[in-house]
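Next comes target35.pdb, a file with PDB, C-alpha atoms.
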```pdb
ATOM      1  CA  MET A   1      63.204  98.280  97.866
ATOM      2  CA  SER A   2      63.740  94.697  98.964
ATOM      3  CA  GLU A   3      65.866  93.723 101.942
ATOM      4  CA  LEU A   4      69.512  92.735 101.460
ATOM      5  CA  LEU A   5      70.950  92.519 104.992
ATOM      6  CA  ASN A   6      69.131  91.642 108.192
ATOM      7  CA  ILE A   7      70.799  91.596 111.609
ATOM      8  CA  GLN A   8      68.903  90.273 114.607
ATOM      9  CA  ASN A   9      69.949  90.426 118.274
ATOM     10  CA  LEU A  10      73.644  90.413 117.416
ATOM     11  CA  ASN A  11      76.017  90.179 120.378
ATOM     12  CA  LYS A  12      79.760  89.848 120.763
ATOM     13  CA  SER A  13      81.667  89.416 124.034
ATOM     14  CA  PHE A  14      85.411  89.313 124.640
ATOM     15  CA  ASP A  15      86.287  88.079 128.145
ATOM     16  CA  GLY A  16      83.207  89.688 129.628
ATOM     17  CA  VAL A  17      83.445  92.897 127.583
ATOM     18  CA  ALA A  18      80.624  93.299 125.052
ATOM     19  CA  PRO A  19      81.390  95.808 122.269
ATOM     20  CA  VAL A  20      78.177  94.806 120.454
ATOM     21  CA  LYS A  21      74.957  94.263 122.420
ATOM     22  CA  ASP A  22      71.615  93.143 120.986
ATOM     23  CA  VAL A  23      72.051  94.989 117.702
ATOM     24  CA  SER A  24      69.173  94.622 115.225
ATOM     25  CA  PHE A  25      68.579  96.412 111.937
ATOM     26  CA  ALA A  26      67.849  95.771 108.263
ATOM     27  CA  VAL A  27      69.250  97.345 105.114
ATOM     28  CA  SER A  28      67.507  97.533 101.745
ATOM     29  CA  LYS A  29      69.104  96.784  98.411
ATOM     30  CA  GLN A  30      70.737  99.707  96.602
ATOM     31  CA  SER A  31      70.756 101.873  99.714
ATOM     32  CA  ILE A  32      73.456 103.935 101.407
ATOM     33  CA  THR A  33      73.456 103.741 105.203
ATOM     34  CA  LEU A  34      75.705 105.797 107.464
ATOM     35  CA  ILE A  35      76.821 104.298 110.795
ATOM     36  CA  THR A  36      78.100 106.757 113.398
ATOM     37  CA  GLY A  37      79.108 106.776 117.049
ATOM     38  CA  GLU A  38      81.991 107.741 119.280
ATOM     39  CA  ASN A  39      85.147 105.647 119.475
ATOM     40  CA  GLY A  40      84.270 102.439 121.308
ATOM     41  CA  ALA A  41      80.625 102.547 120.222
ATOM     42  CA  GLY A  42      80.953  99.146 118.517
ATOM     43  CA  LYS A  43      81.081 100.203 114.864
ATOM     44  CA  THR A  44      84.285  98.352 113.927
ATOM     45  CA  THR A  45      83.256  95.199 115.789
ATOM     46  CA  LEU A  46      79.948  95.297 113.916
ATOM     47  CA  PHE A  47      81.816  95.392 110.595
ATOM     48  CA  ASN A  48      84.070  92.559 111.792
ATOM     49  CA  LEU A  49      80.996  90.457 112.579
ATOM     50  CA  ILE A  50      79.317  91.125 109.234
ATOM     51  CA  THR A  51      82.474  90.266 107.281
ATOM     52  CA  GLY A  52      83.306  87.152 109.295
ATOM     53  CA  LEU A  53      86.530  88.368 110.914
ATOM     54  CA  VAL A  54      85.026  87.519 114.293
ATOM     55  CA  LYS A  55      82.142  85.228 115.171
ATOM     56  CA  PRO A  56      79.136  86.467 117.165
ATOM     57  CA  THR A  57      78.419  85.277 120.682
ATOM     58  CA  LYS A  58      74.760  85.129 119.696
ATOM     59  CA  GLY A  59      72.378  86.531 117.119
ATOM     60  CA  ASN A  60      71.902  86.101 113.374
ATOM     61  CA  ILE A  61      73.093  87.776 110.192
ATOM     62  CA  THR A  62      71.083  87.143 107.035
ATOM     63  CA  PHE A  63      72.338  88.279 103.630
ATOM     64  CA  ASN A  64      70.231  87.924 100.492
ATOM     65  CA  GLY A  65      68.002  85.528 102.393
ATOM     66  CA  ASN A  66      70.932  83.287 103.433
ATOM     67  CA  ASN A  67      72.114  82.898 107.014
ATOM     68  CA  ILE A  68      75.813  83.856 107.028
ATOM     69  CA  THR A  69      76.223  83.884 110.807
ATOM     70  CA  GLY A  70      79.657  82.545 111.780
ATOM     71  CA  LYS A  71      80.800  81.847 108.212
ATOM     72  CA  SER A  72      84.415  82.540 107.295
ATOM     73  CA  SER A  73      85.464  85.875 105.826
ATOM     74  CA  LEU A  74      86.296  84.122 102.534
ATOM     75  CA  GLU A  75      82.849  82.528 102.288
ATOM     76  CA  ILE A  76      81.190  85.850 103.033
ATOM     77  CA  ALA A  77      83.327  87.711 100.488
ATOM     78  CA  ARG A  78      82.398  85.171  97.818
ATOM     79  CA  GLN A  79      78.718  85.875  98.503
ATOM     80  CA  GLY A  80      79.293  89.517  97.581
ATOM     81  CA  ILE A  81      80.201  91.386 100.786
ATOM     82  CA  ILE A  82      83.389  93.433 100.474
ATOM     83  CA  ARG A  83      85.055  95.700 103.024
ATOM     84  CA  LEU A  84      87.136  98.746 102.169
ATOM     85  CA  TYR A  85      89.496  99.816 104.955
ATOM     86  CA  GLN A  86      90.525 103.358 105.800
ATOM     87  CA  GLN A  87      94.044 102.788 104.472
ATOM     88  CA  PRO A  88      94.182 101.734 100.797
ATOM     89  CA  ARG A  89      95.261  98.116 100.329
ATOM     90  CA  LEU A  90      96.925  98.021  96.928
ATOM     91  CA  PHE A  91      99.826  96.132  95.408
ATOM     92  CA  LYS A  92     102.189  99.096  95.213
ATOM     93  CA  ASN A  93     104.466  97.535  92.553
ATOM     94  CA  LEU A  94     101.611  96.610  90.192
ATOM     95  CA  LEU A  95     100.060  98.923  87.628
ATOM     96  CA  VAL A  96      96.699 100.426  88.503
ATOM     97  CA  TRP A  97      94.777  98.272  86.011
ATOM     98  CA  GLU A  98      96.617  95.183  87.289
ATOM     99  CA  ASN A  99      95.398  95.963  90.810
ATOM    100  CA  LEU A 100      91.832  96.009  89.533
ATOM    101  CA  VAL A 101      92.299  92.703  87.723
ATOM    102  CA  SER A 102      93.738  91.146  90.888
ATOM    103  CA  ALA A 103      90.552  92.096  92.745
ATOM    104  CA  ALA A 104      88.465  90.044  90.309
ATOM    105  CA  HIS A 105      90.518  86.842  90.201
ATOM    106  CA  ASN A 106      88.858  85.243  93.228
ATOM    107  CA  ASN A 107      85.501  85.406  91.456
ATOM    108  CA  THR A 108      86.642  84.117  88.067
ATOM    109  CA  GLY A 109      88.419  81.007  89.312
ATOM    110  CA  ASN A 110      91.558  82.063  87.442
ATOM    111  CA  SER A 111      93.793  80.240  89.884
ATOM    112  CA  PHE A 112      97.353  78.952  89.756
ATOM    113  CA  LEU A 113      96.015  75.558  88.606
ATOM    114  CA  ASN A 114      94.167  77.241  85.730
ATOM    115  CA  LEU A 115      97.378  78.879  84.620
ATOM    116  CA  ILE A 116      99.046  75.455  84.461
ATOM    117  CA  PHE A 117      96.256  73.241  83.111
ATOM    118  CA  LYS A 118      94.061  75.754  81.242
ATOM    119  CA  PRO A 119      96.449  78.477  80.046
ATOM    120  CA  LYS A 120      94.215  79.495  77.120
ATOM    121  CA  THR A 121      91.187  79.938  79.369
ATOM    122  CA  ALA A 122      93.237  81.862  81.918
ATOM    123  CA  LYS A 123      94.602  84.160  79.207
ATOM    124  CA  GLN A 124      91.122  84.875  77.847
ATOM    125  CA  GLU A 125      89.842  85.651  81.337
ATOM    126  CA  ASP A 126      92.745  88.024  81.968
ATOM    127  CA  GLU A 127      92.135  89.845  78.682
ATOM    128  CA  THR A 128      88.446  90.248  79.526
ATOM    129  CA  LEU A 129      89.260  91.523  83.006
ATOM    130  CA  GLU A 130      91.901  93.915  81.690
ATOM    131  CA  GLN A 131      89.347  95.484  79.361
ATOM    132  CA  LYS A 132      86.796  95.655  82.198
ATOM    133  CA  ALA A 133      89.374  97.403  84.399
ATOM    134  CA  LEU A 134      90.239  99.946  81.696
ATOM    135  CA  ASP A 135      86.556 100.603  80.989
ATOM    136  CA  LEU A 136      85.908 101.124  84.691
ATOM    137  CA  LEU A 137      88.791 103.562  85.053
ATOM    138  CA  THR A 138      87.534 105.483  82.029
ATOM    139  CA  LYS A 139      84.008 105.661  83.432
ATOM    140  CA  PHE A 140      85.268 107.229  86.655
ATOM    141  CA  GLY A 141      87.706 109.591  84.951
ATOM    142  CA  LEU A 142      90.810 107.743  86.156
ATOM    143  CA  HIS A 143      92.046 106.280  82.865
ATOM    144  CA  GLU A 144      95.176 108.440  82.880
ATOM    145  CA  LEU A 145      96.344 106.545  85.960
ATOM    146  CA  SER A 146      95.915 103.059  84.452
ATOM    147  CA  ASN A 147      99.570 102.488  83.538
ATOM    148  CA  GLN A 148     101.091 104.002  86.662
ATOM    149  CA  THR A 149     102.163 101.791  89.530
ATOM    150  CA  ALA A 150      99.943 102.117  92.585
ATOM    151  CA  GLY A 151     102.936 103.236  94.639
ATOM    152  CA  GLU A 152     103.306 106.327  92.441
ATOM    153  CA  LEU A 153      99.838 107.620  93.264
ATOM    154  CA  SER A 154      98.875 110.173  95.874
ATOM    155  CA  TYR A 155      96.949 109.018  98.947
ATOM    156  CA  GLY A 156      93.686 110.323  97.498
ATOM    157  CA  GLN A 157      94.281 108.617  94.161
ATOM    158  CA  GLN A 158      95.066 105.333  95.921
ATOM    159  CA  LYS A 159      91.759 105.536  97.784
ATOM    160  CA  LEU A 160      89.861 106.169  94.557
ATOM    161  CA  ILE A 161      91.558 103.190  92.889
ATOM    162  CA  SER A 162      90.910 100.901  95.850
ATOM    163  CA  PHE A 163      87.268 101.953  95.666
ATOM    164  CA  CYS A 164      87.127 101.046  91.972
ATOM    165  CA  MET A 165      88.181  97.515  92.933
ATOM    166  CA  ILE A 166      84.751  97.074  94.547
ATOM    167  CA  ALA A 167      83.128  97.168  91.112
ATOM    168  CA  MET A 168      85.450  94.477  89.730
ATOM    169  CA  ASN A 169      84.404  91.478  91.776
ATOM    170  CA  GLY A 170      80.626  91.144  91.905
ATOM    171  CA  THR A 171      80.148  93.148  95.097
ATOM    172  CA  GLN A 172      76.576  93.445  96.338
ATOM    173  CA  LEU A 173      77.270  95.021  99.742
ATOM    174  CA  ALA A 174      80.280  97.296 100.326
ATOM    175  CA  LEU A 175      81.347  98.173 103.864
ATOM    176  CA  LEU A 176      83.377 101.388 103.831
ATOM    177  CA  ASP A 177      85.481 102.289 106.873
ATOM    178  CA  GLU A 178      86.019 106.070 106.978
ATOM    179  CA  PRO A 179      86.333 106.465 103.195
ATOM    180  CA  PHE A 180      86.624 110.266 103.398
ATOM    181  CA  ALA A 181      89.405 110.350 106.003
ATOM    182  CA  GLY A 182      92.425 112.332 104.814
ATOM    183  CA  LEU A 183      90.792 113.495 101.575
ATOM    184  CA  ASN A 184      90.477 117.060 100.338
ATOM    185  CA  PRO A 185      87.016 118.449  99.464
ATOM    186  CA  GLN A 186      87.455 117.851  95.728
ATOM    187  CA  THR A 187      88.347 114.191  96.217
ATOM    188  CA  ILE A 188      85.479 113.747  98.711
ATOM    189  CA  GLU A 189      83.060 115.062  96.093
ATOM    190  CA  ARG A 190      84.526 112.700  93.514
ATOM    191  CA  PHE A 191      84.278 109.768  95.936
ATOM    192  CA  SER A 192      80.646 110.661  96.719
ATOM    193  CA  ASN A 193      79.767 110.711  93.028
ATOM    194  CA  MET A 194      81.370 107.293  92.595
ATOM    195  CA  ILE A 195      79.303 105.927  95.486
ATOM    196  CA  LEU A 196      76.102 107.255  93.902
ATOM    197  CA  GLN A 197      77.073 105.816  90.509
ATOM    198  CA  MET A 198      77.806 102.371  91.967
ATOM    199  CA  ARG A 199      74.578 102.474  93.981
ATOM    200  CA  SER A 200      72.654 103.154  90.765
ATOM    201  CA  GLU A 201      74.280 100.028  89.314
ATOM    202  CA  GLY A 202      73.138  97.787  92.164
ATOM    203  CA  ILE A 203      75.692  98.057  94.982
ATOM    204  CA  THR A 204      74.525  98.671  98.551
ATOM    205  CA  PHE A 205      76.673 100.595 101.035
ATOM    206  CA  LEU A 206      77.245 100.605 104.792
ATOM    207  CA  ILE A 207      79.563 103.460 105.725
ATOM    208  CA  ILE A 208      81.381 104.261 108.964
ATOM    209  CA  GLU A 209      82.440 107.885 108.783
ATOM    210  CA  HIS A 210      83.240 110.745 111.174
ATOM    211  CA  ASN A 211      82.681 113.301 108.413
ATOM    212  CA  ILE A 212      78.945 112.938 108.979
ATOM    213  CA  ASN A 213      77.742 115.917 106.956
ATOM    214  CA  GLU A 214      79.449 114.729 103.783
ATOM    215  CA  VAL A 215      78.002 111.209 103.953
ATOM    216  CA  LEU A 216      74.539 112.496 104.816
ATOM    217  CA  LYS A 217      74.556 114.246 101.434
ATOM    218  CA  VAL A 218      74.357 110.830  99.759
ATOM    219  CA  ALA A 219      72.960 108.542 102.507
ATOM    220  CA  ASP A 220      69.449 107.113 102.615
ATOM    221  CA  GLY A 221      69.657 105.999 106.242
ATOM    222  CA  HIS A 222      71.550 106.747 109.441
ATOM    223  CA  ILE A 223      72.290 104.372 112.331
ATOM    224  CA  GLU A 224      73.817 105.835 115.480
ATOM    225  CA  MET A 225      75.544 103.503 117.954
ATOM    226  CA  LYS A 226      76.457 104.091 121.578
ATOM    227  CA  ASP A 227      78.085 101.698 124.056
ATOM    228  CA  GLY A 228      77.637  98.754 121.683
ATOM    229  CA  LYS A 229      73.921  99.338 121.137
ATOM    230  CA  ILE A 230      71.763 101.021 118.543
ATOM    231  CA  LYS A 231      70.867 104.484 119.807
ATOM    232  CA  THR A 232      68.819 105.765 116.869
ATOM    233  CA  ILE A 233      67.817 104.550 113.406
ATOM    234  CA  ASN A 234      66.424 106.799 110.713
ATOM    235  CA  ASP A 235      64.948 106.253 107.262
ATOM    236  CA  ILE A 236      65.388 102.934 105.428
ATOM    237  CA  ALA A 237      67.330 101.010 108.098
ATOM    238  CA  THR A 238      64.747  99.762 110.534
ATOM    239  CA  VAL A 239      64.688  97.513 113.566
TER     240      VAL A 239
END
```
Serialized structure, structure tokens:
Amino acid sequence: MSELLNIQNLNKSFDGVAPVKDVSFAVSKQSITLITGENGAGKTTLFNLITGLVKPTKGNITFNGNNITGKSSLEIARQGIIRLYQQPRLFKNLLVWENLVSAAHNNTGNSFLNLIFKPKTAKQEDETLEQKALDLLTKFGLHELSNQTAGELSYGQQKLISFCMIAMNGTQLALLDEPFAGLNPQTIERFSNMILQMRSEGITFLIIEHNINEVLKVADGHIEMKDGKIKTINDIATV
């Protein structure tokens, strides 16, 4: 498998405190890599650096052969890196399929100006995205939820829907922050199957998770962090 993400000598300091220290690893395309470590190990800061929420003190991040070090979170998202937080981030008053369509708008250019100056184009794009959303929900066995508002769903259902949004917007690399937290075993199994399905369709995953055994069932690689550094790396993720 070819390389998708390469991190070299990444460091981040905040007023003399360094939560990430000389971190280097690479991730192959269509892989699933688990990142573990105790609280304070640097996992969240690492995700913040990859997604552009904070800028590194030094080091380089290369994605798809392009240097994305220090770019804004919007620029990085548009290149195909999406982060899914532990708590679902949905528009609670919108229908489920409308939430999925909203996730795709940034990539289609269906902006407020399009609605004013190109209403026909905007309408066609929305119809295409609506069908894509409904097809996606059907594929993952969630079609019965499509016309419910997101606020009506259970916590587990909201997490499954927020995960579906990844497949709506051209994601190449998905960063998942404790995706299994708060889920029952049946929903965890369903989530795992969705991860495997999306991986088979070209999406690569980096996953922070305390439920290590469950992620290891689907992971190809495992990175363990301690005190801001890489402690061990196994399988496809290599220094």
Worksheet item: Which residues fall under the PyMOL selection byres ((chain A and resi 2) around 8) in this file, as a list in words?
Response: Met1, Glu3, Leu4, Ser28 and Lys29 of chain A
Practice prompt. Would you please work out which residue, of A:Thr171, A:Gln158, A:Thr62, A:Ser102, is nearest to Arg83 of chain A when using only C-alpha atoms?
Written response: A:Thr171
Worksheet item: Please, what distance in Å, to one decimal, runs between atom CA of Gly59 of chain A and atom CA of Gly42 of chain A?
Response: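 Those two atoms sit 15.3 Å apart.
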Item to complete: Just say which residues the PyMOL selection byres ((chain A and resi 99) around 9) picks in this file, as a list in words.
Response: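 Expected selection for the PyMOL selection byres ((chain A and resi 99) around 9) here is Leu90, Phe91, Lys92, Leu94, Leu95, Val96, Trp97, Glu98, Leu100, Val101, Ser102, Ala103, Ala133, Ala150, Ile161, Ser162 and Met165 of chain A.
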Selection result for the PyMOL selection byres ((chain A and resi 144) around 12) on this file, as a compact mmCIF listing (two decimals) with C-alpha atoms, in the coordinates of the input:
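selection_37.txt, freshly written:
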```txt
# COMPACT_ATOMS: atom_id res chain seq x y z
CA LEU A 95 100.06 98.92 87.63
CA VAL A 96 96.70 100.43 88.50
CA TRP A 97 94.78 98.27 86.01
CA LEU A 134 90.24 99.95 81.70
CA ASP A 135 86.56 100.60 80.99
CA LEU A 136 85.91 101.12 84.69
CA LEU A 137 88.79 103.56 85.05
CA THR A 138 87.53 105.48 82.03
CA LYS A 139 84.01 105.66 83.43
CA PHE A 140 85.27 107.23 86.66
CA GLY A 141 87.71 109.59 84.95
CA LEU A 142 90.81 107.74 86.16
CA HIS A 143 92.05 106.28 82.86
CA LEU A 145 96.34 106.54 85.96
CA SER A 146 95.92 103.06 84.45
CA ASN A 147 99.57 102.49 83.54
CA GLN A 148 101.09 104.00 86.66
CA THR A 149 102.16 101.79 89.53
CA LEU A 153 99.84 107.62 93.26
CA GLN A 157 94.28 108.62 94.16
CA ILE A 161 91.56 103.19 92.89
```
Practice prompt. Work out how far apart atom CA of Phe191 of chain A and atom CA of Val218 of chain A are and give it in Å to one decimal.
Written response: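 We find that atom CA of Phe191 of chain A and atom CA of Val218 of chain A lie 10.7 Å from each other.
If you measure from each of A:Ser200, A:Thr232, A:Asn39, A:Thr33 to Leu5 of chain A using all atoms listed in the file, the closest one turns out to be A:Thr33.
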Practice prompt. Go through A:Gly52, A:Asn193, A:Thr57, A:Glu152 and flag the residue nearest Gly16 of chain A, using all atoms listed in the file for the distances.
Written response: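 Ranking A:Gly52, A:Asn193, A:Thr57, A:Glu152 by distance to Gly16 of chain A, first place goes to A:Thr57.
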Shell around segment 72-82 of chain A at 10 Å using all atoms listed in the file, local window under 2 positions removed, as a compact mmCIF listing (two decimals) with C-alpha atoms, in the coordinates of the input:
```
# COMPACT_ATOMS: atom_id res chain seq x y z
CA ASN A 48 84.07 92.56 111.79
CA LEU A 49 81.00 90.46 112.58
CA ILE A 50 79.32 91.12 109.23
CA THR A 51 82.47 90.27 107.28
CA GLY A 52 83.31 87.15 109.30
CA LEU A 53 86.53 88.37 110.91
CA VAL A 54 85.03 87.52 114.29
CA LYS A 55 82.14 85.23 115.17
CA PHE A 63 72.34 88.28 103.63
CA ASN A 64 70.23 87.92 100.49
CA ASN A 66 70.93 83.29 103.43
CA ILE A 68 75.81 83.86 107.03
CA THR A 69 76.22 83.88 110.81
CA GLY A 70 79.66 82.54 111.78
CA LEU A 84 87.14 98.75 102.17
CA TYR A 85 89.50 99.82 104.96
CA ASN A 106 88.86 85.24 93.23
CA ASN A 107 85.50 85.41 91.46
CA MET A 165 88.18 97.52 92.93
CA ILE A 166 84.75 97.07 94.55
CA ASN A 169 84.40 91.48 91.78
CA GLY A 170 80.63 91.14 91.90
CA THR A 171 80.15 93.15 95.10
CA GLN A 172 76.58 93.44 96.34
CA LEU A 173 77.27 95.02 99.74
CA ALA A 174 80.28 97.30 100.33
CA LEU A 175 81.35 98.17 103.86
CA LEU A 176 83.38 101.39 103.83
CA ILE A 203 75.69 98.06 94.98
CA THR A 204 74.53 98.67 98.55
CA PHE A 205 76.67 100.60 101.04
```
Discussion item. List the spatial neighbours of Leu34 of chain A as JSON, numbers by chain - criterion: any atom at most 7 Å away, all atoms listed in the file, same-chain residues fewer than 6 positions off excluded.
Written reply: {"A": [206, 207, 208, 215, 219, 221, 222, 223]}
Worksheet item: Which is closest to Asn213 of chain A among A:Thr36, A:Gly65, A:Arg190, A:Asp177, if we use all atoms listed in the file?
Response: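 For Asn213 of chain A, the nearest of the given residues is A:Thr36.
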Worksheet item: Please, what distance in Å, to one decimal, runs between atom CA of Pro88 of chain A and atom CA of Leu183 of chain A?
Response: 12.3 Å
Response to the item:
Shortest contact to Asn11 of chain A, candidates A:Leu160, A:Lys229, A:Gly202, A:Asn211, atoms counted only C-alpha atoms, goes to A:Lys229
Worksheet item: Hey, which of A:Val20, A:Leu196, A:Leu216, A:Ala26 ends up closest to Ala41 of chain A? Count only C-alpha atoms.
Response: A:Val20
Fill in: Who sits within 8 Å of Ser24 of chain A, only C-alpha atoms, same chain under 6 positions skipped, as a list in words
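Near neighbours after the sequence-gap exclusion: Asn6, Ile7, Gln8, Asn9, Leu10, Ile230 and Val239 of chain A.
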Given 8 Å of margin on each side, can you work out the centre and size in Å (one decimal) of an axis-aligned box holding every listed atom of segment 138-143 of chain A, as JSON?
```
{"center_x": 88.0, "center_y": 107.5, "center_z": 84.3, "size_x": 24.0, "size_y": 20.1, "size_z": 20.6}
```
With N, CA and C atoms as the goal, would you fill in the gaps in segment 205-235 of chain A and present it as a PDB file, in the frame of the given file?
```
ATOM      1  N   PHE A 205      75.557 100.111 100.230  1.00  0.00           N
ATOM      2  CA  PHE A 205      76.673 100.595 101.035  1.00  0.00           C
ATOM      3  C   PHE A 205      76.308 100.741 102.508  1.00  0.00           C
ATOM      4  N   LEU A 206      77.229 100.268 103.369  1.00  0.00           N
ATOM      5  CA  LEU A 206      77.245 100.605 104.792  1.00  0.00           C
ATOM      6  C   LEU A 206      78.523 101.392 105.027  1.00  0.00           C
ATOM      7  N   ILE A 207      78.411 102.573 105.620  1.00  0.00           N
ATOM      8  CA  ILE A 207      79.563 103.460 105.725  1.00  0.00           C
ATOM      9  C   ILE A 207      79.765 103.938 107.157  1.00  0.00           C
ATOM     10  N   ILE A 208      80.953 103.654 107.709  1.00  0.00           N
ATOM     11  CA  ILE A 208      81.381 104.261 108.964  1.00  0.00           C
ATOM     12  C   ILE A 208      82.165 105.520 108.609  1.00  0.00           C
ATOM     13  N   GLU A 209      81.769 106.644 109.145  1.00  0.00           N
ATOM     14  CA  GLU A 209      82.440 107.885 108.783  1.00  0.00           C
ATOM     15  C   GLU A 209      82.235 108.946 109.865  1.00  0.00           C
ATOM     16  N   HIS A 210      83.330 109.641 110.215  1.00  0.00           N
ATOM     17  CA  HIS A 210      83.240 110.745 111.174  1.00  0.00           C
ATOM     18  C   HIS A 210      82.862 112.052 110.486  1.00  0.00           C
ATOM     19  N   ASN A 211      83.080 112.129 109.176  1.00  0.00           N
ATOM     20  CA  ASN A 211      82.681 113.301 108.413  1.00  0.00           C
ATOM     21  C   ASN A 211      81.196 113.146 108.065  1.00  0.00           C
ATOM     22  N   ILE A 212      80.357 113.292 109.089  1.00  0.00           N
ATOM     23  CA  ILE A 212      78.945 112.938 108.979  1.00  0.00           C
ATOM     24  C   ILE A 212      78.231 113.759 107.909  1.00  0.00           C
ATOM     25  N   ASN A 213      78.478 115.051 107.879  1.00  0.00           N
ATOM     26  CA  ASN A 213      77.742 115.917 106.956  1.00  0.00           C
ATOM     27  C   ASN A 213      77.954 115.518 105.502  1.00  0.00           C
ATOM     28  N   GLU A 214      79.178 115.109 105.167  1.00  0.00           N
ATOM     29  CA  GLU A 214      79.449 114.729 103.783  1.00  0.00           C
ATOM     30  C   GLU A 214      78.713 113.458 103.395  1.00  0.00           C
ATOM     31  N   VAL A 215      78.693 112.467 104.283  1.00  0.00           N
ATOM     32  CA  VAL A 215      78.002 111.209 103.953  1.00  0.00           C
ATOM     33  C   VAL A 215      76.499 111.407 103.916  1.00  0.00           C
ATOM     34  N   LEU A 216      75.978 112.258 104.802  1.00  0.00           N
ATOM     35  CA  LEU A 216      74.539 112.496 104.816  1.00  0.00           C
ATOM     36  C   LEU A 216      74.039 113.118 103.510  1.00  0.00           C
ATOM     37  N   LYS A 217      74.946 113.700 102.737  1.00  0.00           N
ATOM     38  CA  LYS A 217      74.556 114.246 101.434  1.00  0.00           C
ATOM     39  C   LYS A 217      74.143 113.147 100.462  1.00  0.00           C
ATOM     40  N   VAL A 218      74.660 111.930 100.677  1.00  0.00           N
ATOM     41  CA  VAL A 218      74.357 110.830  99.759  1.00  0.00           C
ATOM     42  C   VAL A 218      73.608 109.680 100.442  1.00  0.00           C
ATOM     43  N   ALA A 219      73.528 109.681 101.775  1.00  0.00           N
ATOM     44  CA  ALA A 219      72.960 108.542 102.507  1.00  0.00           C
ATOM     45  C   ALA A 219      71.440 108.526 102.458  1.00  0.00           C
ATOM     46  N   ASP A 220      70.892 107.310 102.503  1.00  0.00           N
ATOM     47  CA  ASP A 220      69.449 107.113 102.615  1.00  0.00           C
ATOM     48  C   ASP A 220      69.034 106.853 104.056  1.00  0.00           C
ATOM     49  N   GLY A 221      69.963 106.342 104.867  1.00  0.00           N
ATOM     50  CA  GLY A 221      69.657 105.999 106.242  1.00  0.00           C
ATOM     51  C   GLY A 221      70.815 106.291 107.159  1.00  0.00           C
ATOM     52  N   HIS A 222      70.532 106.389 108.447  1.00  0.00           N
ATOM     53  CA  HIS A 222      71.550 106.747 109.441  1.00  0.00           C
ATOM     54  C   HIS A 222      71.307 105.934 110.710  1.00  0.00           C
ATOM     55  N   ILE A 223      72.325 105.148 111.090  1.00  0.00           N
ATOM     56  CA  ILE A 223      72.290 104.372 112.331  1.00  0.00           C
ATOM     57  C   ILE A 223      73.319 104.964 113.279  1.00  0.00           C
ATOM     58  N   GLU A 224      72.893 105.321 114.476  1.00  0.00           N
ATOM     59  CA  GLU A 224      73.817 105.835 115.480  1.00  0.00           C
ATOM     60  C   GLU A 224      73.985 104.788 116.579  1.00  0.00           C
ATOM     61  N   MET A 225      75.251 104.475 116.905  1.00  0.00           N
ATOM     62  CA  MET A 225      75.544 103.503 117.954  1.00  0.00           C
ATOM     63  C   MET A 225      76.139 104.193 119.178  1.00  0.00           C
ATOM     64  N   LYS A 226      75.881 103.600 120.333  1.00  0.00           N
ATOM     65  CA  LYS A 226      76.457 104.091 121.578  1.00  0.00           C
ATOM     66  C   LYS A 226      76.601 102.924 122.542  1.00  0.00           C
ATOM     67  N   ASP A 227      77.807 102.759 123.078  1.00  0.00           N
ATOM     68  CA  ASP A 227      78.085 101.698 124.056  1.00  0.00           C
ATOM     69  C   ASP A 227      77.675 100.318 123.543  1.00  0.00           C
ATOM     70  N   GLY A 228      77.915 100.067 122.254  1.00  0.00           N
ATOM     71  CA  GLY A 228      77.637  98.754 121.683  1.00  0.00           C
ATOM     72  C   GLY A 228      76.213  98.523 121.249  1.00  0.00           C
ATOM     73  N   LYS A 229      75.333  99.503 121.473  1.00  0.00           N
ATOM     74  CA  LYS A 229      73.921  99.338 121.137  1.00  0.00           C
ATOM     75  C   LYS A 229      73.503 100.346 120.070  1.00  0.00           C
ATOM     76  N   ILE A 230      72.358 100.063 119.465  1.00  0.00           N
ATOM     77  CA  ILE A 230      71.763 101.021 118.543  1.00  0.00           C
ATOM     78  C   ILE A 230      71.089 102.113 119.357  1.00  0.00           C
ATOM     79  N   LYS A 231      71.483 103.353 119.113  1.00  0.00           N
ATOM     80  CA  LYS A 231      70.867 104.484 119.807  1.00  0.00           C
ATOM     81  C   LYS A 231      69.685 105.020 119.012  1.00  0.00           C
ATOM     82  N   THR A 232      69.900 105.291 117.733  1.00  0.00           N
ATOM     83  CA  THR A 232      68.819 105.765 116.869  1.00  0.00           C
ATOM     84  C   THR A 232      68.968 105.157 115.479  1.00  0.00           C
ATOM     85  N   ILE A 233      67.848 104.995 114.800  1.00  0.00           N
ATOM     86  CA  ILE A 233      67.817 104.550 113.406  1.00  0.00           C
ATOM     87  C   ILE A 233      66.848 105.436 112.652  1.00  0.00           C
ATOM     88  N   ASN A 234      67.280 105.935 111.521  1.00  0.00           N
ATOM     89  CA  ASN A 234      66.424 106.799 110.713  1.00  0.00           C
ATOM     90  C   ASN A 234      66.325 106.274 109.283  1.00  0.00           C
ATOM     91  N   ASP A 235      65.205 106.547 108.667  1.00  0.00           N
ATOM     92  CA  ASP A 235      64.948 106.253 107.262  1.00  0.00           C
ATOM     93  C   ASP A 235      64.895 104.756 106.976  1.00  0.00           C
TER      94      ASP A 235
END
```
